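Source file: coords_29.cif. Holds: mmCIF, C-alpha atoms.
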data_structure
loop_
_atom_site.label_atom_id
_atom_site.label_comp_id
_atom_site.auth_asym_id
_atom_site.auth_seq_id
_atom_site.Cartn_x
_atom_site.Cartn_y
_atom_site.Cartn_z
CA MET R 1 8.28 -86.40 10.60
CA GLU R 2 7.51 -87.30 14.21
CA ARG R 3 4.71 -89.84 14.59
CA VAL R 4 2.31 -90.13 17.51
CA VAL R 5 0.13 -93.22 17.76
CA VAL R 6 -2.75 -93.18 20.23
CA VAL R 7 -4.33 -96.54 20.98
CA GLY R 8 -7.89 -96.00 22.19
CA ALA R 9 -10.39 -93.59 20.65
CA SER R 10 -12.55 -92.60 23.58
CA ALA R 11 -12.31 -89.49 25.79
CA ALA R 12 -8.60 -89.87 26.60
CA GLY R 13 -7.56 -90.88 23.10
CA SER R 14 -9.45 -88.21 21.22
CA THR R 15 -8.48 -85.51 23.72
CA THR R 16 -4.81 -86.44 23.38
CA ALA R 17 -4.93 -86.12 19.60
CA GLN R 18 -6.83 -82.84 19.60
CA THR R 19 -4.67 -81.30 22.33
CA LEU R 20 -1.54 -82.17 20.38
CA ARG R 21 -2.83 -80.04 17.51
CA ARG R 22 -3.81 -77.19 19.84
CA GLU R 23 -0.28 -77.25 21.21
CA GLY R 24 1.11 -76.94 17.71
CA PHE R 25 2.35 -80.48 17.20
CA ALA R 26 2.99 -80.73 13.44
CA GLY R 27 3.81 -84.42 13.11
CA ALA R 28 1.60 -87.34 12.14
CA ILE R 29 -1.17 -88.41 14.54
CA THR R 30 -2.91 -91.78 14.27
CA VAL R 31 -5.72 -92.79 16.61
CA ILE R 32 -6.62 -96.49 16.70
CA GLY R 33 -10.00 -97.50 18.11
CA ASP R 34 -11.62 -100.93 18.21
CA GLU R 35 -15.21 -99.66 18.18
CA PRO R 36 -16.85 -98.77 14.86
CA HIS R 37 -18.22 -95.46 16.19
CA LEU R 38 -16.65 -92.04 16.04
CA PRO R 39 -15.25 -91.04 19.46
CA TYR R 40 -18.06 -90.46 21.94
CA ASP R 41 -18.62 -89.64 25.58
CA ARG R 42 -19.41 -92.41 28.06
CA PRO R 43 -20.96 -90.72 31.14
CA PRO R 44 -24.29 -90.07 29.34
CA LEU R 45 -24.59 -93.78 28.49
CA SER R 46 -25.83 -94.70 31.97
CA LYS R 47 -27.93 -91.53 32.24
CA GLN R 48 -29.42 -89.68 29.26
CA VAL R 49 -28.99 -92.50 26.73
CA LEU R 50 -30.67 -95.10 28.97
CA LEU R 51 -33.45 -92.68 29.82
CA GLY R 52 -33.92 -91.91 26.14
CA SER R 53 -33.66 -88.17 26.78
CA TRP R 54 -30.66 -88.06 24.41
CA PRO R 55 -30.42 -89.92 21.12
CA ALA R 56 -27.29 -92.08 21.07
CA GLU R 57 -25.68 -89.78 18.45
CA ARG R 58 -25.67 -86.88 20.88
CA THR R 59 -22.79 -88.51 22.79
CA SER R 60 -20.49 -88.00 19.79
CA PHE R 61 -17.47 -85.72 20.21
CA GLY R 62 -18.01 -84.40 16.70
CA PRO R 63 -18.11 -85.41 13.04
CA SER R 64 -15.34 -87.19 11.19
CA THR R 65 -14.57 -83.95 9.33
CA THR R 66 -13.22 -82.46 12.57
CA TYR R 67 -10.50 -85.09 12.70
CA ALA R 68 -9.78 -84.81 8.98
CA GLU R 69 -9.44 -81.02 9.28
CA GLN R 70 -6.96 -81.46 12.12
CA GLY R 71 -4.94 -84.00 10.19
CA ILE R 72 -5.78 -86.79 12.63
CA ASP R 73 -5.83 -90.24 11.06
CA LEU R 74 -8.71 -91.94 12.84
CA ARG R 75 -8.69 -95.70 12.36
CA LEU R 76 -11.96 -97.03 13.69
CA GLY R 77 -12.98 -100.67 13.97
CA SER R 78 -9.29 -101.41 14.28
CA ARG R 79 -7.98 -103.44 17.21
CA ALA R 80 -4.43 -103.23 18.54
CA ALA R 81 -3.22 -106.79 19.20
CA GLY R 82 0.37 -106.23 20.25
CA LEU R 83 3.22 -103.83 20.89
CA ASP R 84 6.90 -104.10 20.03
CA LEU R 85 8.83 -101.64 22.17
CA SER R 86 12.20 -102.21 20.52
CA ARG R 87 10.95 -101.68 16.98
CA ARG R 88 8.44 -99.08 18.15
CA VAL R 89 5.42 -100.49 16.37
CA VAL R 90 1.85 -101.26 17.32
CA GLU R 91 0.63 -104.51 15.80
CA LEU R 92 -2.99 -104.50 14.65
CA ALA R 93 -5.27 -107.55 14.69
CA THR R 94 -5.08 -107.52 10.89
CA GLY R 95 -1.31 -108.03 11.05
CA GLU R 96 -0.57 -104.49 9.93
CA GLU R 97 2.10 -102.59 11.86
CA VAL R 98 1.92 -98.90 12.76
CA GLY R 99 5.19 -97.21 13.68
CA TRP R 100 5.52 -94.50 16.33
CA ASP R 101 7.94 -92.13 18.00
CA HIS R 102 5.48 -91.43 20.81
CA LEU R 103 2.86 -93.93 21.93
CA VAL R 104 -0.16 -93.12 24.07
CA VAL R 105 -1.96 -96.09 25.62
CA ALA R 106 -5.60 -95.11 26.17
CA THR R 107 -7.39 -98.44 25.85
CA GLY R 108 -9.56 -97.98 28.93
CA VAL R 109 -11.14 -100.85 30.80
CA GLN R 110 -13.25 -103.90 30.09
CA PRO R 111 -16.26 -104.83 32.20
CA LEU R 112 -15.94 -107.86 34.46
CA ARG R 113 -18.58 -110.54 34.03
CA LEU R 114 -20.10 -113.23 36.18
CA ARG R 115 -18.68 -116.71 35.70
CA GLU R 116 -21.72 -117.78 33.69
CA GLY R 117 -25.08 -116.63 32.42
CA HIS R 118 -24.04 -113.90 30.04
CA HIS R 119 -25.32 -115.87 27.05
CA LEU R 120 -28.91 -115.42 28.25
CA ASP R 121 -31.07 -112.84 26.48
CA GLY R 122 -31.65 -109.83 28.69
CA VAL R 123 -28.27 -110.01 30.45
CA HIS R 124 -26.09 -106.96 29.86
CA VAL R 125 -22.86 -105.25 30.73
CA LEU R 126 -22.45 -101.51 30.13
CA ARG R 127 -19.32 -100.01 28.67
CA THR R 128 -19.91 -99.09 25.05
CA LEU R 129 -22.52 -97.19 23.09
CA ASP R 130 -23.73 -100.49 21.63
CA ASP R 131 -24.07 -101.87 25.17
CA ALA R 132 -26.16 -98.85 26.17
CA VAL R 133 -28.44 -99.09 23.14
CA ALA R 134 -28.99 -102.82 23.77
CA LEU R 135 -29.67 -102.23 27.48
CA ARG R 136 -32.08 -99.38 26.72
CA LYS R 137 -34.02 -101.67 24.39
CA SER R 138 -34.12 -104.39 27.04
CA LEU R 139 -35.31 -101.95 29.73
CA ALA R 140 -38.11 -100.71 27.47
CA ASP R 141 -39.64 -104.20 27.42
CA ALA R 142 -38.69 -105.24 30.95
CA SER R 143 -40.95 -105.34 33.96
CA ALA R 144 -38.50 -106.64 36.56
CA VAL R 145 -34.87 -105.55 36.44
CA VAL R 146 -32.02 -106.74 38.62
CA VAL R 147 -28.84 -104.70 38.75
CA VAL R 148 -25.86 -106.65 40.06
CA GLY R 149 -23.25 -104.28 41.46
CA ALA R 150 -24.00 -100.89 43.02
CA GLY R 151 -21.05 -98.79 41.94
CA PHE R 152 -21.37 -95.81 39.60
CA LEU R 153 -22.80 -97.72 36.63
CA GLY R 154 -25.08 -99.97 38.65
CA SER R 155 -26.49 -97.16 40.78
CA GLU R 156 -27.02 -94.83 37.81
CA THR R 157 -28.64 -97.59 35.76
CA THR R 158 -30.91 -98.41 38.68
CA ALA R 159 -32.09 -94.80 38.76
CA ALA R 160 -32.66 -94.77 34.98
CA ALA R 161 -34.55 -98.08 35.00
CA ARG R 162 -36.72 -96.89 37.86
CA GLN R 163 -37.49 -93.65 36.04
CA LEU R 164 -38.51 -95.76 33.05
CA GLY R 165 -41.06 -97.49 35.26
CA CYS R 166 -39.33 -100.82 35.79
CA GLU R 167 -39.35 -102.64 39.11
CA VAL R 168 -35.72 -102.66 40.15
CA THR R 169 -33.69 -104.68 42.63
CA LEU R 170 -30.16 -103.45 43.27
CA VAL R 171 -27.84 -106.13 44.62
CA ASP R 172 -24.30 -105.74 45.92
CA LEU R 173 -21.84 -107.61 48.12
CA ALA R 174 -21.06 -104.35 49.92
CA PRO R 175 -23.48 -103.26 52.66
CA ALA R 176 -24.75 -100.23 50.71
CA PRO R 177 -24.58 -98.76 47.19
CA MET R 178 -21.44 -96.74 46.40
CA ALA R 179 -20.00 -97.76 49.78
CA VAL R 180 -16.82 -99.00 48.11
CA GLN R 181 -16.29 -95.65 46.38
CA LEU R 182 -17.71 -93.24 48.96
CA GLY R 183 -17.72 -95.09 52.28
CA ALA R 184 -20.53 -96.89 54.12
CA GLU R 185 -22.03 -93.78 55.70
CA LEU R 186 -22.58 -92.07 52.36
CA GLY R 187 -23.61 -95.46 50.99
CA TRP R 188 -26.54 -95.61 53.41
CA MET R 189 -27.70 -92.24 52.13
CA VAL R 190 -27.56 -93.54 48.55
CA ALA R 191 -29.46 -96.65 49.67
CA GLU R 192 -32.16 -94.42 51.20
CA LEU R 193 -32.34 -92.37 48.01
CA HIS R 194 -33.01 -95.49 45.95
CA ALA R 195 -35.43 -96.93 48.50
CA ALA R 196 -37.35 -93.64 48.48
CA HIS R 197 -37.75 -94.10 44.73
CA GLY R 198 -39.16 -97.59 45.19
CA VAL R 199 -36.02 -99.64 44.55
CA ARG R 200 -35.45 -102.82 46.50
CA VAL R 201 -31.87 -102.43 47.75
CA LEU R 202 -30.16 -105.65 48.82
CA GLY R 203 -26.79 -104.99 50.43
CA GLY R 204 -24.42 -107.71 51.58
CA SER R 205 -25.86 -110.03 48.94
CA GLY R 206 -23.80 -112.19 46.64
CA VAL R 207 -25.13 -113.54 43.37
CA THR R 208 -24.62 -117.26 42.77
CA ARG R 209 -26.10 -117.56 39.29
CA LEU R 210 -28.43 -116.24 36.65
CA LEU R 211 -31.44 -118.43 35.91
CA GLY R 212 -33.21 -119.04 32.60
CA GLU R 213 -33.28 -121.18 29.48
CA SER R 214 -32.64 -118.85 26.58
CA ALA R 215 -33.70 -115.60 28.24
CA VAL R 216 -32.93 -114.58 31.80
CA GLU R 217 -35.74 -115.29 34.26
CA GLY R 218 -34.16 -114.61 37.62
CA VAL R 219 -31.11 -114.09 39.77
CA GLU R 220 -30.21 -116.54 42.50
CA LEU R 221 -28.63 -114.99 45.57
CA ALA R 222 -26.13 -116.53 47.98
CA ASP R 223 -28.86 -117.12 50.59
CA GLY R 224 -30.72 -119.30 48.08
CA SER R 225 -33.49 -116.81 47.37
CA VAL R 226 -34.41 -115.96 43.78
CA VAL R 227 -35.22 -112.49 42.47
CA LYS R 228 -37.37 -112.56 39.33
CA ALA R 229 -35.87 -110.64 36.41
CA ASP R 230 -36.41 -110.19 32.70
CA ALA R 231 -33.46 -107.83 32.37
CA VAL R 232 -30.18 -107.93 34.28
CA LEU R 233 -27.27 -105.51 34.26
CA VAL R 234 -24.00 -106.95 35.55
CA ALA R 235 -21.94 -103.98 36.75
CA VAL R 236 -19.40 -105.66 39.00
CA GLY R 237 -16.38 -103.60 38.08
CA SER R 238 -13.84 -103.66 35.33
CA ARG R 239 -10.22 -104.34 34.59
CA PRO R 240 -7.70 -102.39 32.52
CA ALA R 241 -7.64 -103.35 28.85
CA THR R 242 -3.97 -104.33 28.78
CA ASP R 243 -4.20 -107.86 27.32
CA TRP R 244 -2.67 -106.61 24.09
CA LEU R 245 0.39 -105.40 26.03
CA GLU R 246 1.10 -108.68 27.83
CA ALA R 247 3.95 -109.86 25.62
CA SER R 248 5.42 -106.38 25.13
CA GLY R 249 7.29 -106.02 28.41
CA LEU R 250 5.58 -102.69 29.14
CA PRO R 251 5.28 -102.64 32.95
CA CYS R 252 1.63 -103.19 33.91
CA ARG R 253 0.10 -104.00 37.28
CA ASP R 254 -3.60 -103.25 37.39
CA GLY R 255 -2.99 -100.68 34.67
CA VAL R 256 -0.02 -99.29 32.79
CA LEU R 257 2.57 -98.08 35.31
CA CYS R 258 3.23 -94.59 33.97
CA GLU R 259 6.45 -93.90 35.87
CA GLU R 260 7.99 -97.18 34.68
CA ALA R 261 7.14 -96.75 31.01
CA PRO R 262 10.12 -96.20 28.68
CA ALA R 263 10.72 -92.77 27.14
CA GLY R 264 8.18 -92.02 24.46
CA VAL R 265 5.47 -94.22 25.99
CA HIS R 266 2.56 -92.56 27.78
CA ALA R 267 -0.77 -93.71 29.18
CA ALA R 268 -3.99 -91.78 29.81
CA GLY R 269 -7.47 -92.43 31.13
CA ASP R 270 -8.91 -95.48 32.88
CA VAL R 271 -5.95 -97.67 31.92
CA ALA R 272 -3.23 -95.48 33.47
CA ARG R 273 -1.78 -96.00 36.94
CA TRP R 274 0.48 -93.39 38.50
CA THR R 275 1.72 -92.28 41.88
CA SER R 276 -0.02 -89.24 43.27
CA ALA R 277 2.49 -87.06 45.11
CA ARG R 278 -0.34 -84.96 46.52
CA PHE R 279 -2.18 -87.89 48.08
CA GLY R 280 0.77 -90.26 48.55
CA VAL R 281 -0.95 -93.22 46.89
CA SER R 282 -0.88 -95.14 43.65
CA LEU R 283 -3.98 -94.20 41.66
CA ARG R 284 -5.84 -95.55 38.67
CA LEU R 285 -9.06 -93.61 38.19
CA GLU R 286 -12.01 -94.58 36.06
CA HIS R 287 -13.37 -91.06 36.09
CA ARG R 288 -14.28 -88.95 33.10
CA PHE R 289 -12.40 -85.83 34.19
CA ASN R 290 -9.23 -87.80 34.81
CA ALA R 291 -9.30 -88.96 31.19
CA THR R 292 -9.22 -85.35 30.03
CA GLU R 293 -6.56 -84.23 32.49
CA GLN R 294 -4.20 -87.10 31.72
CA ALA R 295 -4.73 -86.78 27.99
CA VAL R 296 -3.95 -83.07 28.08
CA CYS R 297 -0.82 -83.77 30.14
CA ALA R 298 0.38 -86.54 27.81
CA ALA R 299 -0.17 -84.35 24.75
CA ARG R 300 1.70 -81.41 26.30
CA ARG R 301 4.62 -83.60 27.30
CA ILE R 302 4.83 -84.98 23.77
CA ALA R 303 4.73 -81.41 22.49
CA GLY R 304 7.83 -80.75 24.60
CA GLN R 305 6.44 -79.16 27.74
CA GLU R 306 7.95 -80.33 31.00
CA ILE R 307 4.93 -80.48 33.24
CA ALA R 308 4.08 -82.44 36.37
CA PHE R 309 0.90 -84.46 36.75
CA ASP R 310 -0.48 -84.07 40.23
CA PRO R 311 -4.18 -83.24 39.96
CA VAL R 312 -6.98 -83.03 42.47
CA PRO R 313 -9.23 -85.81 41.13
CA TYR R 314 -12.84 -84.91 40.41
CA PHE R 315 -15.80 -87.17 39.80
CA TRP R 316 -19.56 -87.07 39.93
CA THR R 317 -22.65 -89.20 39.70
CA ASP R 318 -26.23 -88.25 38.82
CA GLN R 319 -29.02 -90.40 40.23
CA TYR R 320 -32.64 -89.16 40.06
CA ASP R 321 -32.40 -85.54 41.17
CA ALA R 322 -29.22 -86.13 43.18
CA ARG R 323 -25.96 -84.77 41.81
CA ILE R 324 -23.13 -86.07 43.98
CA GLN R 325 -19.73 -84.55 43.28
CA VAL R 326 -16.36 -85.27 44.85
CA TYR R 327 -12.94 -83.64 44.72
CA GLY R 328 -10.00 -85.58 46.06
CA VAL R 329 -9.32 -89.17 47.02
CA VAL R 330 -11.54 -91.09 49.46
CA PRO R 331 -9.38 -93.47 51.56
CA PRO R 332 -11.19 -96.58 52.87
CA ASP R 333 -10.73 -95.46 56.49
CA ALA R 334 -11.96 -91.89 55.98
CA ARG R 335 -14.57 -90.39 58.25
CA LEU R 336 -17.44 -88.42 56.71
CA VAL R 337 -18.04 -85.07 58.40
CA VAL R 338 -21.00 -82.99 57.29
CA VAL R 339 -19.94 -79.33 57.27
CA GLN R 340 -22.91 -77.56 55.69
CA GLY R 341 -26.52 -78.34 54.86
CA ASP R 342 -28.50 -81.40 55.84
CA PRO R 343 -28.26 -84.97 54.54
CA SER R 344 -31.94 -85.59 55.29
CA ALA R 345 -32.80 -82.66 52.99
CA ARG R 346 -30.41 -84.19 50.41
CA LYS R 347 -28.45 -80.98 50.11
CA PHE R 348 -25.16 -80.87 51.97
CA LEU R 349 -21.38 -80.59 51.90
CA ALA R 350 -19.10 -83.05 53.67
CA HIS R 351 -15.40 -83.63 54.23
CA TYR R 352 -13.65 -86.98 54.18
CA VAL R 353 -11.12 -86.87 56.98
CA SER R 354 -8.31 -89.37 57.18
CA GLY R 355 -5.08 -89.22 59.18
CA GLY R 356 -6.09 -85.83 60.57
CA ARG R 357 -6.49 -84.13 57.23
CA VAL R 358 -9.20 -83.56 54.66
CA SER R 359 -8.53 -85.88 51.72
CA ALA R 360 -11.77 -85.32 49.81
CA VAL R 361 -14.77 -83.02 49.79
CA LEU R 362 -18.23 -84.13 48.73
CA GLY R 363 -21.25 -82.14 47.67
CA TRP R 364 -24.78 -83.51 47.37
CA ASN R 365 -26.76 -81.05 45.24
CA MET R 366 -24.44 -78.18 46.16
CA PRO R 367 -22.18 -77.81 43.12
CA ARG R 368 -21.37 -74.14 43.45
CA GLU R 369 -20.54 -74.33 47.13
CA LEU R 370 -18.46 -77.46 46.66
CA ARG R 371 -16.10 -75.68 44.29
CA SER R 372 -14.88 -73.39 47.09
CA GLU R 373 -14.23 -76.42 49.30
CA ARG R 374 -11.77 -77.73 46.72
CA ALA R 375 -9.24 -75.16 47.97
CA LEU R 376 -8.82 -77.33 51.08
CA LEU R 377 -7.15 -79.93 48.87
CA THR R 378 -4.90 -77.72 46.75
CA ALA R 379 -3.10 -76.67 49.93
CA ILE R 380 -1.93 -80.26 50.51
CA MET X 1 -13.68 -64.87 20.62
CA ASN X 2 -17.24 -66.09 20.89
CA VAL X 3 -18.15 -68.44 23.74
CA GLU X 4 -21.17 -70.73 23.76
CA ILE X 5 -22.22 -73.01 26.60
CA ASP X 6 -24.38 -76.06 26.00
CA GLN X 7 -26.23 -75.78 29.28
CA GLU X 8 -28.18 -78.98 28.72
CA GLY X 9 -24.94 -80.93 28.30
CA CYS X 10 -23.18 -79.15 31.20
CA VAL X 11 -22.53 -81.48 34.16
CA ALA X 12 -21.89 -78.67 36.67
CA ALA X 13 -18.32 -79.73 37.33
CA GLY X 14 -17.27 -76.10 37.67
CA GLN X 15 -13.90 -76.73 36.02
CA CYS X 16 -14.52 -73.77 33.68
CA VAL X 17 -14.84 -71.44 36.67
CA LEU X 18 -11.61 -72.79 38.14
CA ALA X 19 -9.85 -72.20 34.80
CA ALA X 20 -11.37 -68.81 33.91
CA PRO X 21 -13.21 -67.25 36.89
CA GLU X 22 -13.63 -63.90 35.13
CA VAL X 23 -15.51 -65.52 32.27
CA PHE X 24 -17.56 -68.33 33.80
CA ASP X 25 -19.70 -68.86 36.87
CA GLN X 26 -22.17 -71.50 38.04
CA ARG X 27 -25.88 -71.07 38.66
CA ASP X 28 -26.77 -71.20 42.34
CA GLU X 29 -29.57 -73.74 42.02
CA ASP X 30 -27.94 -76.47 39.94
CA GLY X 31 -24.34 -75.48 39.26
CA VAL X 32 -24.83 -75.24 35.50
CA ALA X 33 -22.23 -73.00 33.89
CA VAL X 34 -23.10 -69.47 32.82
CA LEU X 35 -21.13 -66.92 30.86
CA LEU X 36 -20.33 -63.80 32.90
CA ARG X 37 -19.11 -61.92 29.84
CA GLU X 38 -17.16 -62.43 26.65
CA PRO X 39 -13.46 -62.94 27.45
CA LEU X 40 -10.98 -60.09 27.08
CA ALA X 41 -7.91 -60.73 24.94
CA ASP X 42 -5.73 -61.56 27.95
CA GLU X 43 -8.32 -64.12 29.09
CA TYR X 44 -8.36 -66.09 25.83
CA ALA X 45 -5.78 -68.63 27.00
CA ALA X 46 -7.71 -69.33 30.22
CA THR X 47 -10.97 -69.56 28.28
CA ARG X 48 -9.42 -72.08 25.87
CA GLU X 49 -8.23 -74.09 28.87
CA ALA X 50 -11.76 -74.07 30.28
CA ALA X 51 -13.16 -75.43 27.02
CA LEU X 52 -10.42 -78.05 26.83
CA LEU X 53 -10.96 -79.28 30.39
CA CYS X 54 -14.77 -79.31 30.39
CA PRO X 55 -15.66 -82.96 31.10
CA ALA X 56 -18.88 -82.59 29.11
CA ARG X 57 -17.24 -80.68 26.24
CA ALA X 58 -20.07 -78.23 26.70
CA ILE X 59 -18.08 -75.08 25.88
CA VAL X 60 -17.73 -74.20 22.22
CA LEU X 61 -15.40 -71.42 21.16
CA SER X 62 -15.27 -69.69 17.83
CA GLU X 63 -12.27 -67.50 17.16
#

Would you encode the structure as structure tokens?
Amino acid sequence: MERVVVVGASAAGSTTAQTLRREGFAGAITVIGDEPHLPYDRPPLSKQVLLGSWPAERTSFGPSTTYAEQGIDLRLGSRAAGLDLSRRVVELATGEEVGWDHLVVATGVQPLRLREGHHLDGVHVLRTLDDAVALRKSLADASAVVVVGAGFLGSETTAAARQLGCEVTLVDLAPAPMAVQLGAELGWMVAELHAAHGVRVLGGSGVTRLLGESAVEGVELADGSVVKADAVLVAVGSRPATDWLEASGLPCRDGVLCEEAPAGVHAAGDVARWTSARFGVSLRLEHRFNATEQAVCAARRIAGQEIAFDPVPYFWTDQYDARIQVYGVVPPDARLVVVQGDPSARKFLAHYVSGGRVSAVLGWNMPRELRSERALLTAI
Amino acid sequence: MNVEIDQEGCVAAGQCVLAAPEVFDQRDEDGVAVLLREPLADEYAATREAALLCPARAIVLSE
């Protein structure tokens, strides 16, 4: 009997396993996940879970019976420690080996940390459900919060903390929040959004260290100033969780290189790097929708379908009442052109133009209208 | 086939409309998915694809 082993039990891992069954795969499916929880969804962690509008359990993808009914062997609290490509086994931290005919690497990413200070009470990173529950608890008691890093997680957490009544300072090396992901011009609009909600936004600011004895008391910035804090989120990016693959010889360079993987080895989700024919660039996307699309593709290929993977990436962020959605890829040199609506009214559509063509479309509180703009990208 | 949308969980991605435009649409004001009508037999495959691709897993099918 053919055996599929999926390493990683989050969105990409669970979707791969369930899609295999939908596609009629009759072999054995094992999903290995290092967290103790049943597979759950991460986007609500920095939104509804922090706000407390959803109980943590609501992020679950379903009860354990669902997996049992589908004949999916879900091994939770189980960490993959190594991979042997010649013998086709995954080595678990316990020493146990799990054999496979098809392997799907879906181990995601790990949050980066500051060089020091993470031992202090009140200092958090945000990746897992446990992280979110701990941060929520910290925010409930906090008066002054500093968020280090203004990407998706940092900006969304800032909005949640502000809505919970905390004083919030958002600090980033980049000139404006989300500028790295969405360009400086859009970043200024995000900065204004946060400022309008009473957030102190400090762009172009490095953090030198976290201050405190046993609990965090402040954040020291590169200019020597100190921002008082009794809760700190460090959201300074992440790196692919490929440590366990280091000795295996599986080609990795900031992610698993999908095209260079040997036959029978696939990758999906945040950990996977591939070449986008449509956009002519190497991509590794830490976006929720990409996890689904890649997982579905991996499962269908394992099930014997010969399909290409060349999607139009999609991602979104929710901050206060702003829902910002993007289709496509935003190159660093792209120009933002507003095509409908009005940024000052916080309701508009824009194109990212690079090299004379539209490479991404963005909607700010215009979801329905944005969908039609996507057609500009499928023609590429 | 019975289709249910968890509108509170919906993130307004619109992927369901791209997959099955005869079955799903988005509300004007916030983009939340709505059911236009129950799918016809020849729309089942597209409806299943919509449920599979939903990034909030907000579409539940019973067949």

Exercise. Might you pull out every residue within 12 Å of R:Arg284, with only C-alpha atoms counted and same-chain residues fewer than 3 positions away left off, and present them as a PyMOL selection string?
Key: chain R and resi 108-109+238-240+252-258+267-276+281+287+290-291+294+313+329

Quiz prompt | Shell of 12 Å around R:Leu221, only C-alpha atoms, local chain residues under 3 positions omitted, as a VMD selection string | solution = chain R and resid 146 148 169 to 173 202 to 211 218 224 to 228

Quiz prompt | Residues selected by the PyMOL selection byres ((chain R) within 6 of (chain X)), written as JSON, numbers by chain | solution = {"R": [289, 367, 368]}

Self-check item: Close residues, R:Ala159 itself excluded, 7 Å, all atoms listed in the file, min 3 positions apart in chain, as a list in words
Solution: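 In the requested format, the answer is Ser155, Glu156, Arg162, Gln163, Gln319 and Tyr320 of chain R.
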
Put those residues in a file: C-alpha atoms, as a CSV table (one decimal), keeping the file's coordinate frame.
chain,number,residue,atom,x,y,z
R,155,SER,CA,-26.5,-97.2,40.8
R,156,GLU,CA,-27.0,-94.8,37.8
R,162,ARG,CA,-36.7,-96.9,37.9
R,163,GLN,CA,-37.5,-93.6,36.0
R,319,GLN,CA,-29.0,-90.4,40.2
R,320,TYR,CA,-32.6,-89.2,40.1

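Residues in contact range of stretch 34-41 of chain R, defined as at most 9 Å between all atoms listed in the file, with sequence neighbours fewer than 6 positions away removed, read Val7, Gly8, Ala9, Ser10, Ala11, Gly13, Ser14, Glu57, Arg58, Thr59, Ser60, Phe61, Gly62, Pro63, Ser64, Leu74, Arg75, Leu76, Gly77, Ser78, Arg79, Ala80, Thr128, Leu129 and Arg288 of chain R; Ala56 of chain X.
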
Since we have the selection now, will you write its residues out, keeping C-alpha atoms, as a compact mmCIF listing (two decimals), in the frame of the given file?
# COMPACT_ATOMS: atom_id res chain seq x y z
CA VAL R 7 -4.33 -96.54 20.98
CA GLY R 8 -7.89 -96.00 22.19
CA ALA R 9 -10.39 -93.59 20.65
CA SER R 10 -12.55 -92.60 23.58
CA ALA R 11 -12.31 -89.49 25.79
CA GLY R 13 -7.56 -90.88 23.10
CA SER R 14 -9.45 -88.21 21.22
CA GLU R 57 -25.68 -89.78 18.45
CA ARG R 58 -25.67 -86.88 20.88
CA THR R 59 -22.79 -88.51 22.79
CA SER R 60 -20.49 -88.00 19.79
CA PHE R 61 -17.47 -85.72 20.21
CA GLY R 62 -18.01 -84.40 16.70
CA PRO R 63 -18.11 -85.41 13.04
CA SER R 64 -15.34 -87.19 11.19
CA LEU R 74 -8.71 -91.94 12.84
CA ARG R 75 -8.69 -95.70 12.36
CA LEU R 76 -11.96 -97.03 13.69
CA GLY R 77 -12.98 -100.67 13.97
CA SER R 78 -9.29 -101.41 14.28
CA ARG R 79 -7.98 -103.44 17.21
CA ALA R 80 -4.43 -103.23 18.54
CA THR R 128 -19.91 -99.09 25.05
CA LEU R 129 -22.52 -97.19 23.09
CA ARG R 288 -14.28 -88.95 33.10
CA ALA X 56 -18.88 -82.59 29.11

Quiz item: Just so the selection is clear, what residues does the PyMOL selection byres ((chain R and resi 150) around 10) cover here, as a PyMOL selection string?
Solution: chain R and resi 147-149+151-158+170-181+187+190-191+201-203+234-237

Practice problem: One decimal, Å: what's the distance from atom CA of R:Gly212 over to atom CA of R:Leu139, could you say? | Solution: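 Atom CA of R:Leu139 lies at a distance of 17.5 Å from atom CA of R:Gly212.
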
Quiz prompt | Nearest residue to R:Val133 from the set R:Arg346, R:Lys47, R:His197, R:His266 (distances using only C-alpha atoms) | solution = R:Lys47

Quiz prompt | Neighbours of point (-8.3, -64.1, 23.4) within 12 Å, using all atoms listed in the file, written as a PyMOL selection string | solution = chain X and resi 1-3+20+23+38-49+61-63

Exercise. For the structure shown, which residues end up in the PyMOL selection byres ((chain X and resi 5) around 8)? Put them as a ChimeraX atom specification, please?
Key: /X:3-4,6-7,10,33-35,58-60

Practice problem: Find the spatial neighbours of R:Ala140, counting all atoms listed in the file, within a cut-off of 12 Å - ignore same-chain residues fewer than 4 positions away - and output them as a PyMOL selection string. | Solution: chain R and resi 50-52+122+133-136+144-145+160-167+230-231

Quiz item: Nearest to R:Ala334: which of R:Val104, R:Ala215, R:Ala322, R:Val353 is it, counting only C-alpha atoms?
Solution: R:Val353

Exercise. Point out the residue among R:Ala345, R:Val312, R:Ala222, R:Leu112 with the least atom-to-atom distance to R:Ala375, counting all atoms listed in the file.
Key: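 When distances to R:Ala375 are compared using all atoms listed in the file, the smallest one comes from R:Val312.
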
Quiz prompt | Residue nearest R:Glu259 - candidates R:Arg374, R:Glu217, R:Ala308, R:Trp188, atoms counted: all atoms listed in the file | solution =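 So, comparing all the options, the nearest one is R:Ala308.
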
Quiz item: For the atom pair atom CA of R:Thr107 and atom CA of X:Cys16, what is the interatomic distance in Å to one decimal place?
Solution: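 Interatomic distance here is 26.8 Å.
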
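Comparing the minimum interatomic distances between R:Val90 and each of R:Val168, R:Val265, R:Leu370, R:Ala277, counting all atoms listed in the file, we find that R:Val265 sits nearest.
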
Exercise. Figure out the distance between atom CA of R:Phe309 and atom CA of R:Thr16, please, to one decimal in Å.
Key: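 Computing it gives 14.7 Å between the two atoms.
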